[in-house]
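**Student:** Contents of final.cif (mmCIF, C-alpha atoms) are below:
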```cif
data_my_file
loop_
_atom_site.label_atom_id
_atom_site.label_comp_id
_atom_site.auth_asym_id
_atom_site.auth_seq_id
_atom_site.Cartn_x
_atom_site.Cartn_y
_atom_site.Cartn_z
CA MET J 286 -24.60 -7.86 0.07
CA GLU J 287 -24.94 -11.43 1.34
CA PHE J 288 -25.66 -14.04 -1.29
CA ASP J 289 -27.64 -17.22 -1.17
CA ASN J 290 -25.12 -19.58 -2.76
CA SER J 291 -27.79 -22.00 -3.89
CA ARG J 292 -29.17 -19.51 -6.41
CA PRO J 293 -27.36 -17.92 -9.33
CA ILE J 294 -25.58 -14.87 -7.97
CA TYR J 295 -26.18 -12.80 -11.07
CA LEU J 296 -29.94 -13.23 -10.68
CA GLN J 297 -29.75 -12.09 -7.07
CA ILE J 298 -27.97 -8.92 -8.16
CA VAL J 299 -30.54 -8.38 -10.95
CA GLU J 300 -33.31 -8.58 -8.35
CA LYS J 301 -31.49 -6.20 -6.01
CA ILE J 302 -31.13 -3.58 -8.76
CA LYS J 303 -34.77 -3.94 -9.77
CA LYS J 304 -35.82 -3.46 -6.15
CA ASP J 305 -33.66 -0.35 -5.93
CA ILE J 306 -35.37 1.03 -9.01
CA ILE J 307 -38.85 0.24 -7.71
CA SER J 308 -38.12 1.72 -4.29
CA GLY J 309 -36.63 4.83 -5.86
CA LYS J 310 -33.14 4.27 -4.53
CA LEU J 311 -32.15 4.26 -8.17
CA GLU J 312 -34.06 6.83 -10.17
CA ARG J 313 -35.06 6.71 -13.80
CA GLY J 314 -32.23 7.99 -15.98
CA ASP J 315 -29.62 7.50 -13.24
CA LYS J 316 -26.17 6.46 -14.35
CA MET J 317 -25.23 2.93 -13.27
CA PRO J 318 -21.80 2.32 -11.74
CA SER J 319 -19.28 0.75 -14.07
CA VAL J 320 -19.09 -3.04 -14.12
CA ARG J 321 -15.72 -2.96 -12.37
CA VAL J 322 -16.89 -0.64 -9.59
CA MET J 323 -20.01 -2.67 -8.92
CA ALA J 324 -18.02 -5.91 -8.93
CA SER J 325 -15.61 -4.63 -6.31
CA GLU J 326 -18.44 -3.20 -4.19
CA LEU J 327 -20.33 -6.49 -4.20
CA LYS J 328 -17.12 -8.54 -4.00
CA VAL J 329 -18.05 -10.63 -6.99
CA ASN J 330 -16.47 -11.40 -10.30
CA VAL J 331 -16.50 -8.82 -13.11
CA ASN J 332 -18.06 -11.39 -15.42
CA THR J 333 -20.94 -11.90 -13.00
CA VAL J 334 -21.75 -8.19 -13.11
CA GLN J 335 -21.34 -8.23 -16.88
CA ARG J 336 -24.01 -10.88 -17.00
CA VAL J 337 -26.22 -8.79 -14.69
CA TYR J 338 -25.98 -5.83 -17.05
CA GLN J 339 -26.67 -8.00 -20.09
CA GLN J 340 -29.76 -9.40 -18.44
CA LEU J 341 -31.01 -5.96 -17.39
CA GLU J 342 -30.37 -4.63 -20.87
CA GLN J 343 -32.28 -7.49 -22.43
CA GLU J 344 -35.23 -6.71 -20.18
CA GLU J 345 -34.85 -3.03 -21.11
CA VAL J 346 -34.40 -2.07 -17.47
CA ILE J 347 -31.15 -0.33 -18.29
CA PHE J 348 -29.69 0.93 -21.54
CA THR J 349 -26.09 1.48 -22.56
CA GLN J 350 -24.68 4.44 -24.41
CA ARG J 351 -21.46 3.46 -26.02
CA GLY J 352 -18.48 5.16 -24.44
CA ILE J 353 -20.56 6.86 -21.74
CA GLY J 354 -22.00 4.11 -19.60
CA SER J 355 -25.22 2.40 -18.59
CA PHE J 356 -28.34 4.18 -17.39
CA VAL J 357 -31.57 3.24 -15.69
CA THR J 358 -34.47 3.28 -18.13
CA ARG J 359 -36.44 6.51 -18.48
CA ASP J 360 -39.56 4.57 -19.42
CA GLU J 361 -42.13 4.57 -16.65
CA GLN J 362 -43.90 1.59 -18.21
CA VAL J 363 -40.82 -0.56 -17.73
CA VAL J 364 -40.63 0.33 -14.04
CA LYS J 365 -44.33 -0.54 -13.69
CA ARG J 366 -43.75 -3.80 -15.48
CA ILE J 367 -40.89 -4.94 -13.27
CA LYS J 368 -42.86 -3.94 -10.19
CA GLN J 369 -45.72 -6.10 -11.38
CA GLU J 370 -43.42 -9.00 -12.23
CA MET J 371 -41.70 -8.92 -8.87
CA SER J 372 -44.93 -8.67 -6.91
CA TYR J 373 -46.34 -11.55 -8.90
CA GLU J 374 -43.30 -13.66 -8.06
CA LEU J 375 -43.70 -12.91 -4.35
CA LEU J 376 -47.37 -13.83 -4.52
CA GLU J 377 -46.61 -17.02 -6.36
CA ASN J 378 -44.11 -18.10 -3.71
CA PHE J 379 -46.50 -17.19 -0.93
CA VAL J 380 -49.45 -19.03 -2.43
CA GLN J 381 -47.36 -22.06 -3.26
CA GLY J 382 -46.01 -22.15 0.28
CA MET J 383 -49.49 -21.88 1.76
CA LYS J 384 -50.81 -24.63 -0.51
CA GLU J 385 -47.97 -26.87 0.62
CA LEU J 386 -49.20 -26.29 4.16
CA GLY J 387 -52.62 -27.50 3.05
CA PHE J 388 -54.60 -24.27 2.77
CA ASP J 389 -57.03 -23.81 -0.09
CA SER J 390 -57.66 -20.56 -1.96
CA SER J 391 -60.48 -19.26 0.19
CA GLN J 392 -58.63 -20.07 3.42
CA ILE J 393 -55.56 -18.27 2.12
CA LEU J 394 -57.65 -15.22 1.26
CA LYS J 395 -59.28 -15.23 4.69
CA LEU J 396 -55.97 -15.55 6.50
CA LEU J 397 -54.42 -12.84 4.38
CA THR J 398 -57.25 -10.43 5.08
CA LYS J 399 -57.02 -11.16 8.79
CA TYR J 400 -53.29 -10.68 8.69
CA MET J 401 -53.59 -7.38 6.88
CA GLU J 402 -56.09 -6.18 9.44
CA GLY J 403 -53.49 -6.85 12.07
CA GLU J 404 -55.19 -9.80 13.74
CA PRO J 405 -53.03 -12.72 14.74
CA GLY J 406 -53.85 -15.61 12.42
CA GLY J 407 -55.87 -17.75 14.82
CA SER J 408 -54.47 -21.23 14.65
CA ILE J 409 -51.10 -20.11 13.22
CA LYS J 410 -48.63 -20.20 16.06
CA GLY J 411 -45.90 -17.68 16.57
CA ARG J 412 -47.70 -14.90 14.81
CA MET B 110 -8.66 -17.03 -26.64
CA GLU B 111 -7.53 -20.13 -24.81
CA VAL B 112 -4.97 -19.28 -22.15
CA LEU B 113 -4.49 -22.93 -21.33
CA LYS B 114 -5.02 -26.07 -23.37
CA VAL B 115 -4.54 -29.55 -21.95
CA ASP B 116 -4.56 -32.52 -24.33
CA ASN B 117 -4.60 -36.20 -23.34
CA LEU B 118 -2.52 -35.38 -20.29
CA LYS B 119 -1.25 -38.29 -18.20
CA LYS B 120 0.92 -38.43 -15.12
CA ARG B 121 2.02 -41.64 -13.47
CA TYR B 122 4.08 -41.97 -10.34
CA ILE B 123 5.67 -45.44 -10.69
CA THR B 124 2.54 -47.49 -9.97
CA LYS B 125 -0.13 -44.86 -9.44
CA THR B 126 -1.85 -42.92 -12.23
CA VAL B 127 -2.57 -39.46 -10.85
CA ILE B 128 -3.69 -37.64 -14.00
CA ASP B 129 -5.59 -39.90 -16.35
CA ASP B 130 -6.09 -38.70 -19.93
CA LEU B 131 -7.20 -35.19 -19.10
CA ASN B 132 -8.59 -32.80 -21.73
CA PHE B 133 -9.78 -29.27 -21.08
CA SER B 134 -9.07 -25.63 -21.82
CA LEU B 135 -9.36 -22.36 -19.92
CA ASP B 136 -10.53 -19.05 -21.44
CA GLU B 137 -9.25 -15.55 -20.94
CA GLY B 138 -10.74 -13.25 -18.34
CA LYS B 139 -12.19 -15.90 -16.08
CA ILE B 140 -11.63 -17.23 -12.58
CA TYR B 141 -11.71 -21.03 -12.35
CA GLY B 142 -12.07 -23.12 -9.25
CA LEU B 143 -10.24 -26.45 -9.23
CA LEU B 144 -12.08 -28.62 -6.74
CA GLY B 145 -11.70 -32.16 -5.57
CA PRO B 146 -10.95 -34.26 -2.49
CA ASN B 147 -7.46 -35.03 -1.26
CA GLY B 148 -5.54 -37.13 -3.74
CA SER B 149 -7.74 -36.25 -6.72
CA GLY B 150 -4.77 -34.79 -8.63
CA LYS B 151 -5.21 -31.03 -8.12
CA THR B 152 -1.69 -30.24 -7.02
CA THR B 153 -0.14 -32.56 -9.61
CA LEU B 154 -2.15 -30.87 -12.36
CA ILE B 155 -1.07 -27.42 -11.20
CA LYS B 156 2.56 -28.52 -10.97
CA LEU B 157 2.40 -29.89 -14.51
CA ILE B 158 1.05 -26.58 -15.84
CA ALA B 159 3.64 -24.64 -13.84
CA GLY B 160 6.34 -26.80 -15.40
CA VAL B 161 7.83 -28.02 -12.16
CA THR B 162 7.00 -31.64 -12.92
CA GLN B 163 6.93 -33.45 -16.27
CA PRO B 164 3.94 -35.27 -17.78
CA SER B 165 4.11 -38.97 -18.62
CA ALA B 166 2.17 -38.30 -21.82
CA GLY B 167 0.11 -35.59 -23.48
CA ASN B 168 0.40 -31.90 -24.16
CA ILE B 169 0.00 -28.64 -22.27
CA LEU B 170 -0.06 -25.27 -24.03
CA VAL B 171 -0.04 -21.92 -22.23
CA ALA B 172 -0.97 -19.10 -24.61
CA GLU B 173 -0.20 -21.51 -27.45
CA ARG B 174 3.33 -22.20 -26.20
CA LYS B 175 4.72 -25.47 -24.89
CA ILE B 176 5.70 -25.55 -21.23
CA GLY B 177 9.22 -24.19 -20.77
CA PRO B 178 11.13 -21.05 -19.79
CA ALA B 179 8.88 -18.93 -22.05
CA THR B 180 5.69 -20.06 -20.33
CA LYS B 181 7.19 -19.57 -16.87
CA GLN B 182 7.36 -15.87 -17.66
CA LEU B 183 3.62 -15.99 -18.36
CA VAL B 184 2.56 -18.13 -15.41
CA SER B 185 2.45 -16.97 -11.80
CA TYR B 186 2.50 -20.03 -9.58
CA LEU B 187 1.67 -20.11 -5.89
CA PRO B 188 2.79 -23.44 -4.46
CA THR B 189 1.44 -25.00 -1.27
CA ILE B 190 4.93 -25.34 0.19
CA ASN B 191 7.11 -22.48 1.35
CA HIS B 192 9.27 -21.63 -1.64
CA LEU B 193 10.90 -18.56 -0.05
CA PRO B 194 14.40 -18.78 1.48
CA LYS B 195 14.05 -18.70 5.26
CA TRP B 196 16.84 -16.23 5.91
CA MET B 197 15.35 -13.54 3.67
CA THR B 198 13.32 -10.55 4.81
CA VAL B 199 10.00 -9.59 3.24
CA ASP B 200 11.73 -6.76 1.38
CA LYS B 201 14.36 -9.17 0.03
CA CYS B 202 11.62 -11.46 -1.28
CA LEU B 203 10.07 -8.55 -3.14
CA GLN B 204 13.50 -7.75 -4.57
CA LEU B 205 13.96 -11.38 -5.59
CA TYR B 206 10.65 -11.40 -7.45
CA LYS B 207 11.47 -8.08 -9.08
CA ASN B 208 14.78 -9.43 -10.36
CA PHE B 209 13.24 -12.69 -11.49
CA TYR B 210 10.06 -11.54 -13.19
CA GLN B 211 9.79 -8.64 -15.60
CA ASP B 212 6.05 -8.39 -14.96
CA PHE B 213 6.40 -7.94 -11.18
CA ASP B 214 4.94 -4.66 -9.94
CA ALA B 215 7.13 -3.87 -6.91
CA GLN B 216 5.21 -0.76 -5.92
CA LEU B 217 1.89 -2.59 -5.92
CA ALA B 218 3.48 -5.42 -3.93
CA GLU B 219 4.75 -2.97 -1.30
CA GLU B 220 1.28 -1.47 -0.91
CA ARG B 221 -0.17 -4.93 -0.54
CA VAL B 222 2.44 -6.02 2.00
CA ASP B 223 1.24 -3.08 4.03
CA MET B 224 -2.42 -3.91 3.41
CA VAL B 225 -2.07 -7.46 4.73
CA GLY B 226 -0.27 -6.20 7.83
CA LEU B 227 3.29 -7.29 7.13
CA LYS B 228 6.50 -5.30 7.51
CA GLY B 229 9.44 -5.16 5.11
CA ASN B 230 12.08 -5.99 7.70
CA GLN B 231 10.39 -9.17 8.97
CA LYS B 232 12.34 -12.35 8.38
CA ILE B 233 10.66 -15.33 6.71
CA THR B 234 11.58 -17.58 9.66
CA SER B 235 9.73 -15.27 12.03
CA LEU B 236 6.47 -15.37 10.06
CA SER B 237 3.52 -17.47 11.20
CA THR B 238 1.79 -19.81 8.72
CA GLY B 239 -0.89 -17.21 8.08
CA MET B 240 1.58 -14.37 7.60
CA LEU B 241 3.64 -16.46 5.18
CA GLY B 242 0.46 -17.37 3.31
CA ARG B 243 -0.39 -13.69 2.93
CA LEU B 244 3.10 -12.85 1.67
CA LYS B 245 3.02 -15.68 -0.87
CA ILE B 246 -0.26 -14.47 -2.32
CA VAL B 247 0.98 -10.87 -2.45
CA LEU B 248 4.02 -12.02 -4.42
CA ALA B 249 2.02 -14.20 -6.79
CA MET B 250 -0.73 -11.66 -7.46
CA SER B 251 1.59 -8.68 -7.94
CA ARG B 252 2.86 -10.12 -11.18
CA LYS B 253 1.07 -9.17 -14.37
CA ALA B 254 0.86 -12.75 -15.55
CA LYS B 255 -1.23 -14.39 -18.21
CA LEU B 256 -2.14 -17.33 -16.01
CA TYR B 257 -2.22 -17.47 -12.21
CA LEU B 258 -2.03 -20.89 -10.60
CA LEU B 259 -3.02 -20.66 -6.95
CA ASP B 260 -2.66 -23.94 -5.10
CA GLU B 261 -4.63 -23.81 -1.86
CA PRO B 262 -4.13 -20.05 -1.33
CA PHE B 263 -6.38 -20.02 1.75
CA ASN B 264 -4.59 -22.72 3.72
CA GLY B 265 -3.82 -21.56 7.23
CA LEU B 266 -5.45 -18.15 6.78
CA ASP B 267 -7.88 -16.70 9.31
CA PRO B 268 -11.26 -15.38 8.05
CA ASN B 269 -10.09 -11.76 7.82
CA SER B 270 -6.99 -12.70 5.87
CA ARG B 271 -9.09 -14.84 3.56
CA GLU B 272 -11.28 -11.87 2.81
CA LYS B 273 -8.26 -9.72 1.99
CA VAL B 274 -6.88 -12.43 -0.27
CA LEU B 275 -10.22 -12.75 -2.05
CA LYS B 276 -10.28 -9.00 -2.59
CA MET B 277 -6.76 -9.07 -3.96
CA ILE B 278 -7.69 -11.85 -6.39
CA LEU B 279 -10.75 -9.93 -7.57
CA GLU B 280 -8.70 -6.79 -8.10
CA SER B 281 -6.15 -8.67 -10.13
CA ILE B 282 -8.40 -10.27 -12.72
CA ARG B 283 -8.03 -8.59 -16.08
CA GLU B 284 -9.65 -9.33 -19.40
CA ASP B 285 -6.46 -10.85 -20.76
CA CYS B 286 -5.61 -13.19 -17.91
CA THR B 287 -6.93 -16.32 -16.23
CA ILE B 288 -6.88 -17.44 -12.62
CA LEU B 289 -7.03 -21.08 -11.53
CA ILE B 290 -7.58 -21.65 -7.81
CA SER B 291 -7.45 -25.04 -6.15
CA THR B 292 -9.16 -25.13 -2.78
CA HIS B 293 -11.16 -27.02 -0.19
CA ILE B 294 -12.69 -23.87 1.20
CA ILE B 295 -15.49 -23.70 -1.33
CA HIS B 296 -17.96 -21.69 0.67
CA GLU B 297 -15.81 -18.59 0.66
CA VAL B 298 -14.63 -18.67 -2.93
CA GLU B 299 -17.78 -19.66 -4.69
CA SER B 300 -19.05 -16.10 -5.07
CA ILE B 301 -15.94 -15.02 -6.98
CA LEU B 302 -15.68 -17.96 -9.39
CA ASP B 303 -16.79 -18.02 -13.01
CA GLU B 304 -16.38 -21.71 -13.60
CA VAL B 305 -15.53 -24.85 -11.69
CA LEU B 306 -13.66 -28.01 -12.56
CA PHE B 307 -14.32 -30.98 -10.33
CA LEU B 308 -11.44 -33.42 -10.40
CA ASN B 309 -11.79 -37.06 -9.48
CA ASN B 310 -9.12 -39.75 -9.83
CA GLY B 311 -7.26 -37.58 -12.31
CA GLN B 312 -10.28 -37.03 -14.52
CA ILE B 313 -12.84 -34.26 -14.82
CA ALA B 314 -16.01 -35.25 -13.01
CA LEU B 315 -17.88 -32.03 -13.77
CA LYS B 316 -17.07 -28.68 -15.40
CA GLY B 317 -19.24 -25.65 -15.89
CA ASN B 318 -20.28 -22.09 -15.19
CA VAL B 319 -21.09 -21.69 -11.50
CA ASP B 320 -24.32 -19.71 -11.97
CA ASP B 321 -25.55 -22.18 -14.61
CA LEU B 322 -24.80 -25.09 -12.27
CA ARG B 323 -26.63 -23.36 -9.41
CA PHE B 324 -29.56 -22.76 -11.72
CA GLN B 325 -29.70 -26.34 -12.99
CA LYS B 326 -29.24 -28.05 -9.66
CA LYS B 327 -30.77 -25.44 -7.35
CA MET B 328 -27.80 -26.00 -5.08
CA SER B 329 -24.71 -24.15 -4.00
CA ILE B 330 -21.35 -25.23 -5.42
CA GLU B 331 -20.51 -26.59 -1.99
CA GLU B 332 -23.63 -28.78 -2.04
CA ILE B 333 -22.88 -29.89 -5.60
CA TYR B 334 -19.39 -30.80 -4.42
CA LYS B 335 -20.86 -33.03 -1.74
CA GLU B 336 -23.15 -34.64 -4.29
CA VAL B 337 -20.36 -35.26 -6.82
CA TYR B 338 -18.06 -36.89 -4.27
CA GLU B 339 -20.70 -38.67 -2.24
CA ASN B 340 -20.14 -41.97 -3.99
CA VAL B 341 -16.39 -41.69 -4.09
#
```
Now that the file is in, can you turn its structure into structure tokens?
**Tutor:**
Amino acid sequence: MEFDNSRPIYLQIVEKIKKDIISGKLERGDKMPSVRVMASELKVNVNTVQRVYQQLEQEEVIFTQRGIGSFVTRDEQVVKRIKQEMSYELLENFVQGMKELGFDSSQILKLLTKYMEGEPGGSIKGR
Amino acid sequence: MEVLKVDNLKKRYITKTVIDDLNFSLDEGKIYGLLGPNGSGKTTLIKLIAGVTQPSAGNILVAERKIGPATKQLVSYLPTINHLPKWMTVDKCLQLYKNFYQDFDAQLAEERVDMVGLKGNQKITSLSTGMLGRLKIVLAMSRKAKLYLLDEPFNGLDPNSREKVLKMILESIREDCTILISTHIIHEVESILDEVLFLNNGQIALKGNVDDLRFQKKMSIEEIYKEVYENV
């Protein structure tokens, strides 16, 4: 995994795990690798992964059974929630980026519809 | 627990103050980056902790002990210079470390010598800068020390060797030890660090958790480095 060094690395790993859960790469109830194993796979510090697990536990995305290990939540609602949260974040970034380019809401909607229909976005070059 | 505690530390070389009233401590189980431009006092600080040079004033405690023979058993120090006798072979160096340090894991060291592509019968004189660098890090990291002091461990190493060294460092961190790495090659180490200390004119310019700093400044540690030393 390549990291963007300008953002906290633990957050990038949190996002990666959430994506894996949403996409089904990690299934509900799956056992998570130990902190040490994940740290050596990702070539990061053990403490960084520790922080990842703490964060995921706090958000109830994973749960820990003492002495056995950590597991992906079995709760479907949680998976739905993180999917919603992540999609909202993507939308937020997209809309903010478009507004910085000077598009207003209705223009953004129009462009998005066009884009989804597979039409090149008119005045947008390189598309 | 604090593995290292530095109190009001000062080091003067005749007319120049290199370490100027330094106070900080390092916790167990963490990897610290010691960053700063040339002449900021990194090597002097590491030498003071290793006990190879004496402070002008102040106190250093390693695992609550004053610097001396007892702390040298707890501290694994990787100097920038070549500290290995030139006539020795790689195997002899391993033997030397084994005789010198009770916590040296000779078997692990042999595996690592192999891993970094060295051979036991090679003489130190015949090693290139990069090969010597790899051997030095193998020796330093194969001790089960309380505190590892790595002074510029990536100097003269090619990208592949650097990656192997990084992996070795990551494998070696245990909950009851601390690693302090001084380096200029920030880009490659910043993903393995817990905390950074920025040194400037013998004082701490900035200290903190790397992910917290990235979060606050929305910058990489390398970019923060450039910002901190921009006006220097």
**Student:** Any idea what the distance is between CA of Ile333 (chain B) and CA of Glu300 (chain J)?
**Tutor:**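 Pair CA of Ile333 (chain B) / CA of Glu300 (chain J) returns 23.9 Å.
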**Student:** Please check the contacts: residues of chain J at most 8 Å away from chain B, using all atoms listed in the file, listed as a compact mmCIF listing (two decimals) with C-alpha atoms, in the coordinates of the input.
**Tutor:**
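Below you can see part29.txt, which holds the result:
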```txt
# COMPACT_ATOMS: atom_id res chain seq x y z
CA PHE J 288 -25.66 -14.04 -1.29
CA ASN J 290 -25.12 -19.58 -2.76
CA SER J 291 -27.79 -22.00 -3.89
CA ARG J 292 -29.17 -19.51 -6.41
CA PRO J 293 -27.36 -17.92 -9.33
CA ILE J 294 -25.58 -14.87 -7.97
CA TYR J 295 -26.18 -12.80 -11.07
CA SER J 325 -15.61 -4.63 -6.31
CA LYS J 328 -17.12 -8.54 -4.00
CA VAL J 329 -18.05 -10.63 -6.99
CA ASN J 330 -16.47 -11.40 -10.30
CA ASN J 332 -18.06 -11.39 -15.42
CA THR J 333 -20.94 -11.90 -13.00
```
**Student:** In Å to one decimal, how far is CA of Gly242 (chain B) from CA of Leu135 (chain B)?
**Tutor:**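 These two atoms are separated by 25.7 Å.
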**Student:** Starting from the PyMOL selection byres ((chain B and resi 192) around 12), expand the selection into actual residues of this file and give them as a PyMOL selection string.
**Tutor:** chain B and resi 186-191+193-197+202+205-206+233+241-242+244-246+248-249
**Student:** Could you work out how far CA of Leu327 (chain J) lies from CA of Met286 (chain J), giving the answer in Å with one decimal?
**Tutor:** 6.2 Å
**Student:** Report as an MDAnalysis selection string all protein, DNA and RNA residues lying within 9 Å of region 334-350 of chain J, evaluated on all atoms listed in the file, omitting residues in the same chain fewer than 2 positions from it.
**Tutor:** chainID J and resid 295:296 298:299 302:303 314 317 320:321 323:324 329:332 352:360 363:364 367
**Student:** If we count all atoms listed in the file, what is near region 290-294 of chain B at a cut-off of 9 Å, once residues fewer than 6 positions away on the same chain are taken out, given as a count of residues only?
**Tutor:** 20
**Student:** Check the smallest atom-to-atom distance from each of B:Met277, B:Leu256, B:Ala179, B:Leu227 to Asp136 (chain B) using all atoms listed in the file, then report the winner.
**Tutor:**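 Of B:Met277, B:Leu256, B:Ala179, B:Leu227, the one nearest Asp136 (chain B), counting all atoms listed in the file, is B:Leu256.
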**Student:** Give me the residues within 7 Å of Ala172 (chain B) as a list of chain:residue names, counting all atoms listed in the file and dropping any in the same chain fewer than 6 places off.
**Tutor:**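 Surrounding residues, per the criterion: B:Glu111, B:Val112, B:Leu113.
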**Student:** Can you spell out as a list in words the set of residues that the PyMOL selection byres ((chain B and resi 219) around 10) selects in the structure I just provided?
**Tutor:**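 Residues picked by the PyMOL selection byres ((chain B and resi 219) around 10): Val199, Asp200, Leu203, Asp214, Ala215, Gln216, Leu217, Ala218, Glu220, Arg221, Val222, Asp223, Met224, Leu227, Lys228, Gly229, Val247, Leu248 and Ser251 of chain B.
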**Student:** Those same residues, written as a PDB file, keeping the file's coordinate frame with C-alpha atoms?
**Tutor:**
```
ATOM      1  CA  VAL B 199      10.000  -9.590   3.240  1.00  0.00           C
ATOM      2  CA  ASP B 200      11.730  -6.760   1.380  1.00  0.00           C
ATOM      3  CA  LEU B 203      10.070  -8.550  -3.140  1.00  0.00           C
ATOM      4  CA  ASP B 214       4.940  -4.660  -9.940  1.00  0.00           C
ATOM      5  CA  ALA B 215       7.130  -3.870  -6.910  1.00  0.00           C
ATOM      6  CA  GLN B 216       5.210  -0.760  -5.920  1.00  0.00           C
ATOM      7  CA  LEU B 217       1.890  -2.590  -5.920  1.00  0.00           C
ATOM      8  CA  ALA B 218       3.480  -5.420  -3.930  1.00  0.00           C
ATOM      9  CA  GLU B 220       1.280  -1.470  -0.910  1.00  0.00           C
ATOM     10  CA  ARG B 221      -0.170  -4.930  -0.540  1.00  0.00           C
ATOM     11  CA  VAL B 222       2.440  -6.020   2.000  1.00  0.00           C
ATOM     12  CA  ASP B 223       1.240  -3.080   4.030  1.00  0.00           C
ATOM     13  CA  MET B 224      -2.420  -3.910   3.410  1.00  0.00           C
ATOM     14  CA  LEU B 227       3.290  -7.290   7.130  1.00  0.00           C
ATOM     15  CA  LYS B 228       6.500  -5.300   7.510  1.00  0.00           C
ATOM     16  CA  GLY B 229       9.440  -5.160   5.110  1.00  0.00           C
ATOM     17  CA  VAL B 247       0.980 -10.870  -2.450  1.00  0.00           C
ATOM     18  CA  LEU B 248       4.020 -12.020  -4.420  1.00  0.00           C
ATOM     19  CA  SER B 251       1.590  -8.680  -7.940  1.00  0.00           C
TER      20      SER B 251
END
```
**Student:** Output the residue selection produced by the PyMOL selection byres ((chain B and resi 168) around 9) on the file above, formatted as a PyMOL selection string.
**Tutor:** chain B and resi 114-119+164+166-167+169-170+175-176
**Student:** With distances taken over all atoms listed in the file, which residue among B:Gly239, B:Ser270, B:Asn132, B:Thr124 lies nearest Leu306 (chain B)?
**Tutor:**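 Among B:Gly239, B:Ser270, B:Asn132, B:Thr124, it is B:Asn132 that comes nearest to Leu306 (chain B).
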**Student:** Name the closest residue to Glu312 (chain J) among the candidates J:Glu287, J:Glu361, J:Glu326, J:Asp389; distances are taken between atoms, counting all atoms listed in the file.
**Tutor:** J:Glu361
**Student:** Closest to Ile306 (chain J) among J:Lys384, J:Lys368, J:Tyr373, J:Lys395, using all atoms listed in the file?
**Tutor:**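 Residue with the minimum atom-to-atom distance to Ile306 (chain J): J:Lys368.
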